[in-house]
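Listing of query39.cif, mmCIF, C-alpha atoms
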```
data_run
#
loop_
_atom_site.label_atom_id
_atom_site.label_comp_id
_atom_site.auth_asym_id
_atom_site.auth_seq_id
_atom_site.Cartn_x
_atom_site.Cartn_y
_atom_site.Cartn_z
CA MET A 3 -33.27 -115.07 88.56
CA ARG A 4 -36.35 -112.96 88.33
CA PHE A 5 -36.24 -109.59 86.31
CA PRO A 6 -38.14 -106.71 87.53
CA THR A 7 -41.55 -106.41 86.02
CA VAL A 8 -40.97 -102.94 84.63
CA LEU A 9 -37.96 -103.91 82.55
CA VAL A 10 -39.80 -106.82 80.95
CA ALA A 11 -42.66 -104.62 80.00
CA LEU A 12 -40.41 -102.03 78.34
CA ALA A 13 -38.63 -104.69 76.32
CA LEU A 14 -41.83 -106.13 75.00
CA ALA A 15 -43.14 -102.71 73.99
CA ALA A 16 -39.99 -101.84 72.03
CA THR A 17 -40.18 -105.13 70.13
CA ALA A 18 -43.75 -104.53 69.11
CA CYS A 19 -43.16 -100.99 67.82
CA GLY A 20 -40.12 -101.76 65.59
CA SER A 21 -41.41 -104.88 63.87
CA SER A 22 -42.47 -104.50 60.13
CA GLY A 23 -41.96 -107.89 58.82
CA THR A 24 -38.66 -107.13 57.00
CA GLY A 25 -36.50 -105.55 59.64
CA THR A 26 -35.59 -102.51 57.44
CA PRO A 27 -36.19 -98.90 58.47
CA ARG A 28 -39.17 -97.09 57.02
CA ALA A 29 -38.42 -94.88 54.03
CA ALA A 30 -39.44 -91.25 53.91
CA ASP A 31 -42.61 -90.42 52.09
CA PRO A 32 -41.98 -89.49 48.37
CA ALA A 33 -42.50 -85.86 47.23
CA PRO A 34 -45.67 -85.29 45.30
CA ALA A 35 -45.20 -85.46 41.55
CA SER A 36 -45.45 -82.23 39.55
CA SER A 37 -47.90 -81.76 36.75
CA SER A 38 -45.12 -81.84 34.17
CA ALA A 39 -43.80 -85.06 35.51
CA ALA A 40 -47.27 -86.51 35.35
CA SER A 41 -47.62 -85.57 31.74
CA GLY A 42 -44.16 -86.83 30.77
CA THR A 43 -42.81 -83.36 29.67
CA PRO A 44 -39.44 -82.34 31.14
CA SER A 45 -39.71 -79.21 33.24
CA ALA A 46 -37.72 -76.07 32.31
CA ARG A 47 -35.28 -74.66 34.82
CA PRO A 48 -36.77 -71.50 36.25
CA SER A 49 -34.80 -68.41 35.15
CA ALA A 50 -33.78 -65.63 37.44
CA THR A 51 -36.33 -62.93 37.86
CA THR A 52 -35.57 -59.89 35.47
CA ARG A 53 -36.91 -56.34 35.71
CA PRO A 54 -39.17 -55.45 32.80
CA PRO A 55 -37.71 -52.84 30.45
CA ALA A 56 -38.65 -49.26 31.11
CA PRO A 57 -41.12 -47.85 28.66
CA THR A 58 -39.39 -45.86 25.90
CA LYS A 59 -40.30 -42.24 25.39
CA SER A 60 -41.32 -41.33 21.90
CA ALA A 61 -38.72 -38.97 20.20
CA ARG A 62 -39.79 -35.35 20.27
CA PRO A 63 -39.85 -33.94 16.70
CA LYS A 64 -37.11 -31.33 16.04
CA PRO A 65 -38.26 -27.90 14.95
CA PRO A 66 -37.37 -26.96 11.35
CA PRO A 67 -34.13 -24.93 10.94
CA PRO A 68 -34.58 -21.20 10.60
CA PRO A 69 -34.53 -19.92 7.05
CA VAL A 70 -31.10 -18.87 5.78
CA THR A 71 -30.99 -15.22 4.91
CA ALA A 72 -28.13 -13.39 3.25
CA PRO A 73 -26.31 -10.87 5.49
CA PRO A 74 -27.03 -7.24 4.76
CA ALA A 75 -24.81 -5.72 2.11
CA PRO A 76 -21.98 -3.57 3.56
CA PRO A 77 -22.09 0.13 2.84
CA PRO A 78 -20.28 1.16 -0.34
CA ALA A 79 -16.59 1.83 0.13
CA PRO A 80 -15.26 5.33 -0.48
CA PRO A 81 -13.75 5.88 -3.92
CA PRO A 82 -10.08 4.90 -4.14
CA PRO A 83 -7.38 7.45 -4.88
CA PRO A 84 -6.58 8.06 -8.55
CA ALA A 85 -3.79 5.50 -8.47
CA PRO A 86 -2.28 3.15 -5.90
CA PRO A 87 0.36 4.60 -3.63
CA ILE A 88 3.85 3.83 -4.81
CA ALA A 89 6.73 3.13 -2.47
CA THR A 90 9.68 5.43 -2.85
CA ASN A 91 12.44 3.92 -4.97
CA ARG A 92 15.48 6.07 -5.64
CA ARG A 93 17.43 3.59 -7.71
CA CYS A 94 17.81 4.18 -11.41
CA GLU A 95 16.26 1.62 -13.69
CA THR A 96 18.33 0.51 -16.64
CA PRO A 97 16.20 0.87 -19.76
CA PRO A 98 16.28 -1.90 -22.37
CA PRO A 99 18.17 -1.34 -25.61
CA ALA A 100 14.86 -0.75 -27.40
CA SER A 101 14.29 2.45 -25.38
CA THR A 102 15.91 4.67 -27.98
CA GLY A 103 14.76 6.83 -30.83
CA GLY A 104 13.60 9.91 -28.96
CA TYR A 105 10.49 11.97 -29.37
CA GLY A 106 7.89 10.51 -31.70
CA ARG A 107 8.69 6.84 -31.31
CA THR A 108 6.22 4.23 -30.06
CA ILE A 109 6.35 3.57 -26.33
CA SER A 110 5.58 0.04 -25.11
CA PRO A 111 6.39 -2.23 -22.15
CA ALA A 112 9.17 -3.72 -24.24
CA ALA A 113 10.51 -0.25 -25.05
CA PRO A 114 9.55 2.10 -22.17
CA LEU A 115 10.38 5.79 -22.11
CA ASP A 116 13.87 6.44 -20.74
CA LEU A 117 13.15 9.29 -18.32
CA LEU A 118 15.64 11.16 -16.15
CA ILE A 119 14.07 12.95 -13.15
CA THR A 120 16.41 15.37 -11.43
CA GLY A 121 16.76 18.73 -9.71
CA ASP A 122 16.90 19.65 -6.04
CA SER A 123 14.90 18.18 -3.15
CA MET A 124 11.64 19.36 -4.79
CA GLN A 125 11.92 16.26 -7.03
CA GLU A 126 12.82 13.79 -4.28
CA SER A 127 9.36 12.28 -3.74
CA MET A 128 7.72 13.29 -7.01
CA GLY A 129 10.11 11.36 -9.25
CA PRO A 130 9.59 7.84 -7.83
CA GLN A 131 5.83 8.38 -7.71
CA LEU A 132 5.79 9.52 -11.33
CA THR A 133 7.57 6.33 -12.38
CA GLY A 134 5.33 4.22 -10.18
CA TYR A 135 2.06 5.68 -11.46
CA ALA A 136 3.22 5.29 -15.05
CA ASN A 137 3.94 1.61 -14.45
CA ALA A 138 0.93 0.80 -12.27
CA ARG A 139 -0.96 -0.74 -15.20
CA LYS A 140 1.76 -1.42 -17.71
CA ARG A 141 5.43 -0.71 -17.80
CA THR A 142 5.92 2.38 -19.95
CA VAL A 143 8.59 4.39 -18.10
CA ALA A 144 12.11 3.40 -17.11
CA GLY A 145 12.73 6.16 -14.58
CA CYS A 146 15.83 7.38 -12.82
CA THR A 147 15.47 9.95 -10.00
CA VAL A 148 18.64 11.84 -9.10
CA PRO A 149 18.02 14.62 -6.55
CA LYS A 150 20.84 16.99 -5.60
CA TYR A 151 19.98 18.32 -2.17
CA SER A 152 20.50 21.93 -1.05
CA THR A 153 21.36 23.11 -4.56
CA GLY A 154 19.91 25.76 -6.85
CA LEU A 155 20.78 28.19 -9.62
CA VAL A 156 21.65 31.14 -7.36
CA ARG A 157 24.70 29.70 -5.56
CA ASP A 158 26.82 28.55 -8.50
CA ASP A 159 29.85 28.81 -6.22
CA PHE A 160 28.36 25.90 -4.24
CA PHE A 161 27.07 23.79 -7.14
CA ASP A 162 27.48 24.27 -10.89
CA TRP A 163 24.26 22.98 -12.43
CA PRO A 164 25.10 23.61 -16.11
CA ALA A 165 28.30 21.54 -15.77
CA TYR A 166 26.55 18.78 -13.83
CA ALA A 167 23.66 18.69 -16.34
CA ARG A 168 26.08 18.07 -19.20
CA GLN A 169 27.78 15.28 -17.27
CA LEU A 170 24.51 13.63 -16.16
CA ALA A 171 23.00 13.79 -19.65
CA ALA A 172 26.13 12.23 -21.14
CA ASP A 173 26.21 9.45 -18.54
CA ARG A 174 22.52 8.56 -18.70
CA ASP A 175 21.66 9.66 -22.25
CA PRO A 176 17.89 9.77 -21.50
CA GLU A 177 15.16 10.40 -24.02
CA ALA A 178 13.40 12.93 -21.76
CA VAL A 179 14.21 14.94 -18.64
CA SER A 180 11.88 16.13 -15.87
CA PHE A 181 13.56 18.96 -13.95
CA MET A 182 12.48 20.96 -10.89
CA ILE A 183 14.60 23.33 -8.81
CA GLY A 184 14.45 26.59 -6.90
CA GLY A 185 13.37 25.89 -3.33
CA ASN A 186 16.63 27.41 -2.11
CA ASP A 187 16.81 30.27 -4.62
CA ALA A 188 14.96 33.02 -2.72
CA GLN A 189 18.26 34.72 -1.90
CA ASN A 190 20.62 37.30 -3.33
CA MET A 191 22.96 36.40 -6.16
CA SER A 192 26.64 37.26 -6.50
CA VAL A 193 27.77 38.07 -10.04
CA GLY A 194 31.27 39.39 -10.77
CA GLY A 195 31.62 40.76 -7.26
CA ARG A 196 28.22 42.42 -7.37
CA ILE A 197 25.28 41.42 -5.21
CA LEU A 198 21.98 41.18 -7.05
CA GLU A 199 18.97 41.48 -4.79
CA ALA A 200 16.63 38.49 -4.96
CA GLY A 201 13.71 39.21 -7.26
CA SER A 202 15.20 42.33 -8.84
CA ALA A 203 15.30 42.86 -12.60
CA GLU A 204 19.04 42.13 -12.76
CA TRP A 205 18.58 39.05 -10.62
CA ALA A 206 15.80 37.86 -12.97
CA ALA A 207 17.96 38.36 -16.07
CA GLU A 208 20.84 36.35 -14.58
CA TYR A 209 18.46 33.64 -13.38
CA GLN A 210 17.07 33.36 -16.92
CA ARG A 211 20.57 33.02 -18.35
CA ARG A 212 21.52 30.26 -15.92
CA ALA A 213 18.25 28.40 -16.50
CA ALA A 214 18.80 28.51 -20.26
CA ALA A 215 22.29 27.04 -19.77
CA VAL A 216 20.87 24.08 -17.83
CA MET A 217 18.12 23.57 -20.40
CA GLY A 218 20.60 23.56 -23.27
CA ALA A 219 22.82 21.00 -21.48
CA PHE A 220 19.92 18.62 -20.99
CA ALA A 221 18.14 19.15 -24.32
CA ASN A 222 21.26 18.97 -26.45
CA GLY A 223 19.18 19.55 -29.57
CA SER A 224 17.27 16.24 -29.39
CA ARG A 225 15.84 15.54 -25.90
CA ARG A 226 12.54 16.69 -24.47
CA VAL A 227 12.94 18.67 -21.23
CA TYR A 228 10.04 19.36 -18.86
CA TRP A 229 10.96 22.17 -16.47
CA ILE A 230 8.50 22.21 -13.57
CA GLY A 231 7.86 25.68 -12.14
CA LEU A 232 7.86 26.52 -8.45
CA PRO A 233 4.58 26.42 -6.51
CA VAL A 234 3.29 29.26 -4.37
CA ALA A 235 4.97 29.47 -0.94
CA ARG A 236 3.61 30.22 2.51
CA SER A 237 5.83 33.26 3.15
CA ASP A 238 5.23 36.44 1.18
CA ARG A 239 8.93 36.87 0.49
CA HIS A 240 9.36 33.41 -1.06
CA THR A 241 6.16 33.84 -3.02
CA ARG A 242 7.40 37.11 -4.53
CA VAL A 243 10.81 35.68 -5.52
CA PHE A 244 9.31 32.43 -6.83
CA LYS A 245 7.05 34.38 -9.17
CA VAL A 246 10.07 36.21 -10.60
CA ALA A 247 11.99 32.94 -10.97
CA ASN A 248 9.09 31.28 -12.79
CA ASP A 249 8.80 34.17 -15.24
CA ALA A 250 12.55 33.99 -15.92
CA VAL A 251 12.40 30.22 -16.53
CA ARG A 252 9.38 30.56 -18.82
CA LYS A 253 11.26 33.08 -20.96
CA ALA A 254 14.32 30.83 -21.06
CA ALA A 255 12.23 27.82 -22.15
CA SER A 256 10.79 29.77 -25.06
CA GLY A 257 14.28 30.13 -26.51
CA VAL A 258 15.50 26.49 -26.15
CA PRO A 259 14.03 23.91 -28.58
CA GLY A 260 12.50 20.85 -26.93
CA VAL A 261 11.88 22.51 -23.54
CA ARG A 262 8.40 22.81 -22.04
CA PHE A 263 7.64 24.90 -18.95
CA VAL A 264 5.10 23.26 -16.59
CA ASP A 265 3.25 25.85 -14.51
CA THR A 266 2.24 24.58 -11.05
CA TRP A 267 1.13 27.88 -9.49
CA ALA A 268 -2.61 27.42 -9.93
CA MET A 269 -2.34 23.72 -9.03
CA PHE A 270 -1.15 24.50 -5.52
CA ALA A 271 -3.20 27.67 -5.04
CA PRO A 272 -6.73 26.54 -5.98
CA SER A 273 -8.24 29.46 -4.09
CA GLY A 274 -5.68 31.91 -5.44
CA ARG A 275 -3.48 31.78 -2.37
CA TYR A 276 -1.27 29.35 -0.44
CA GLN A 277 -2.98 26.41 1.26
CA ASP A 278 -1.48 23.54 3.26
CA SER A 279 -4.42 21.25 2.41
CA PHE A 280 -6.94 21.10 -0.37
CA ALA A 281 -8.83 18.59 -2.51
CA ASP A 282 -7.00 16.63 -5.18
CA GLU A 283 -8.46 15.75 -8.57
CA SER A 284 -10.65 13.04 -7.00
CA GLY A 285 -12.10 15.40 -4.40
CA ARG A 286 -10.14 13.98 -1.44
CA VAL A 287 -8.78 16.69 0.85
CA GLN A 288 -5.15 16.03 1.67
CA ARG A 289 -2.21 17.90 3.13
CA MET A 290 -0.24 18.88 0.05
CA ARG A 291 2.62 20.92 1.54
CA SER A 292 5.39 20.16 4.00
CA SER A 293 5.86 21.98 7.28
CA ASP A 294 8.30 24.53 5.81
CA GLY A 295 5.66 25.93 3.47
CA ILE A 296 7.96 25.47 0.45
CA HIS A 297 8.34 21.76 -0.31
CA LEU A 298 5.60 19.32 -1.23
CA SER A 299 4.32 16.62 1.08
CA THR A 300 4.20 13.03 -0.12
CA ALA A 301 0.56 13.53 -1.13
CA GLY A 302 1.41 16.81 -2.85
CA ALA A 303 4.26 15.15 -4.74
CA GLY A 304 1.86 12.42 -5.85
CA TYR A 305 -0.61 15.07 -7.00
CA LEU A 306 2.14 16.67 -9.11
CA ALA A 307 3.32 13.26 -10.36
CA ARG A 308 -0.12 12.48 -11.75
CA ARG A 309 -0.22 15.87 -13.43
CA MET A 310 3.19 15.22 -14.98
CA LEU A 311 2.09 11.77 -16.13
CA GLY A 312 -0.74 13.39 -18.05
CA ILE A 313 1.67 15.84 -19.71
CA LEU A 314 4.09 13.05 -20.65
CA ASP A 315 1.20 11.03 -22.02
CA GLU A 316 0.26 13.91 -24.31
CA ASP A 317 3.71 13.79 -25.89
CA TRP A 318 4.64 10.11 -25.62
CA HIS A 319 1.30 8.23 -25.48
CA LEU A 320 2.24 6.20 -22.41
CA ARG A 321 -1.19 4.77 -21.49
#
```

Give the structure from the file, written as C-alpha cells.
Amino acid sequence: MRFPTVLVALALAATACGSSGTGTPRAADPAPASSSAASGTPSARPSATTRPPAPTKSARPKPPPPPVTAPPAPPPAPPPPPAPPIATNRRCETPPPASTGGYGRTISPAAPLDLLITGDSMQESMGPQLTGYANARKRTVAGCTVPKYSTGLVRDDFFDWPAYARQLAADRDPEAVSFMIGGNDAQNMSVGGRILEAGSAEWAAEYQRRAAAVMGAFANGSRRVYWIGLPVARSDRHTRVFKVANDAVRKAASGVPGVRFVDTWAMFAPSGRYQDSFADESGRVQRMRSSDGIHLSTAGAGYLARRMLGILDEDWHLR
C-alpha cells in the first residue's frame, strides 16, 4: 500500500527535529548567577522598604521664670477697741474658797474678787461686760449679775430694796457690790399717805434715806459698795429728777462707811448735754444710749464697764 507523499514528508520532518541523541527533553536555560553567588558569600534577604525617620526639631529654649516679688503690704488695720467684746452671761460664778478676806487682800486668778453686780435694768448689760473685761487677760473677778427689772427706790410698795439687799448679801456674801438703779424713779413718791413731787426737797430727803438703807444692807460694816450714779437723760424732766437723785445718793454715801459714789454724768455728756452717740476712750464714735434716752446701749454699757474696771483696779489691784 502506498502512503501519500505528504504524510511521509511530515513524519520525516518531525523525527529530525526531536532527535538529540538521548531522547530526553531539553532543560530550561539556568538563571544567571548573582555576584554574591560567584564570590561564595550568601546573599542577605532583602528587607521591606522603611520610611526614613522625620528630622527632629531642636527644643526651643524656655524663657526664664519671672522674678518673684512679694505682694504689696495691706493697709494698716484700724485700732482695736479697748478690750474684746464679751458675750452676755447672766449666770453667777461661784468663787473659790480663797476669795475671802475683803478689802486689802491680794487678788489673783486663784483667789479672784467676789463681786456682786445688781440693781435694776441699768446693770443688765454692764455687769457681764465688767466681769468679762476683768477676765480677758487673767481671771481676777468672780462676778454675779442679778438685775431686778422695773424696780427702783420710789415704789417701795412694789419692791422693797432694803429688805432684798439684806437677803441677797446674806445669800451671796460678796466682798464687793456694784449697784446701779433709778431709771424708773423719775416719778412722785408716796410717804405716809402723802404724795411727794418728784425732784422736790422732800422727795430728795426721802430718796436719800432709802438709798442709805440699801447701802447699809449691802456694806454691813465690811464690804465695799460702788453705787453708780444715773447718767444724763434725753428728756428735760428725767434729767432734772436724775440730778436730784444723784445728789441725794452722794450725800447718803458720805454717811455709810465703805460706800463710794461713782459719778457718770460727765461720762455720758461729753459736750455738757445729752448725746446718743459720741467717741469712747479710744476715739471710736459709737451709739452709747438706747432708744428710750434713759438706758445704755450695749456699747454704752461696755464703756461704763471699762470705767468701773479702772475704779475697782484702784482699790483691788486687779490687773

Checklist entry - Could you state the separation of CA of Val287 (chain A) and CA of Thr142 (chain A) in Å, given to one decimal place? => result 29.2 Å

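Going from CA of Val193 (chain A) over to CA of Tyr166 (chain A), you cover 19.7 Å.
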
Taking (-0.8, 31.3, -3.5) in the coordinates of the supplied file, I want to know which residues reach to within 10 Å of it, counting all atoms listed in the file; could you give the answer as a compact mmCIF listing (two decimals) with C-alpha atoms, in the frame of the given file?
```txt
# COMPACT_ATOMS: atom_id res chain seq x y z
CA PRO A 233 4.58 26.42 -6.51
CA VAL A 234 3.29 29.26 -4.37
CA ALA A 235 4.97 29.47 -0.94
CA ARG A 236 3.61 30.22 2.51
CA SER A 237 5.83 33.26 3.15
CA ASP A 238 5.23 36.44 1.18
CA THR A 241 6.16 33.84 -3.02
CA TRP A 267 1.13 27.88 -9.49
CA ALA A 268 -2.61 27.42 -9.93
CA MET A 269 -2.34 23.72 -9.03
CA PHE A 270 -1.15 24.50 -5.52
CA ALA A 271 -3.20 27.67 -5.04
CA PRO A 272 -6.73 26.54 -5.98
CA SER A 273 -8.24 29.46 -4.09
CA GLY A 274 -5.68 31.91 -5.44
CA ARG A 275 -3.48 31.78 -2.37
CA TYR A 276 -1.27 29.35 -0.44
CA GLN A 277 -2.98 26.41 1.26
```

Next on the checklist: Between CA of Thr266 (chain A) and CA of Asp122 (chain A), what is the distance in Å, rounded to a tenth?
Outcome noted: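 So the answer is 16.3 Å.
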
Checklist entry - Which residue gives the smallest distance to Asn190 (chain A) among A:Ala138, A:Val243, A:Ala167, A:Ile230, with only C-alpha atoms counted? => result A:Val243
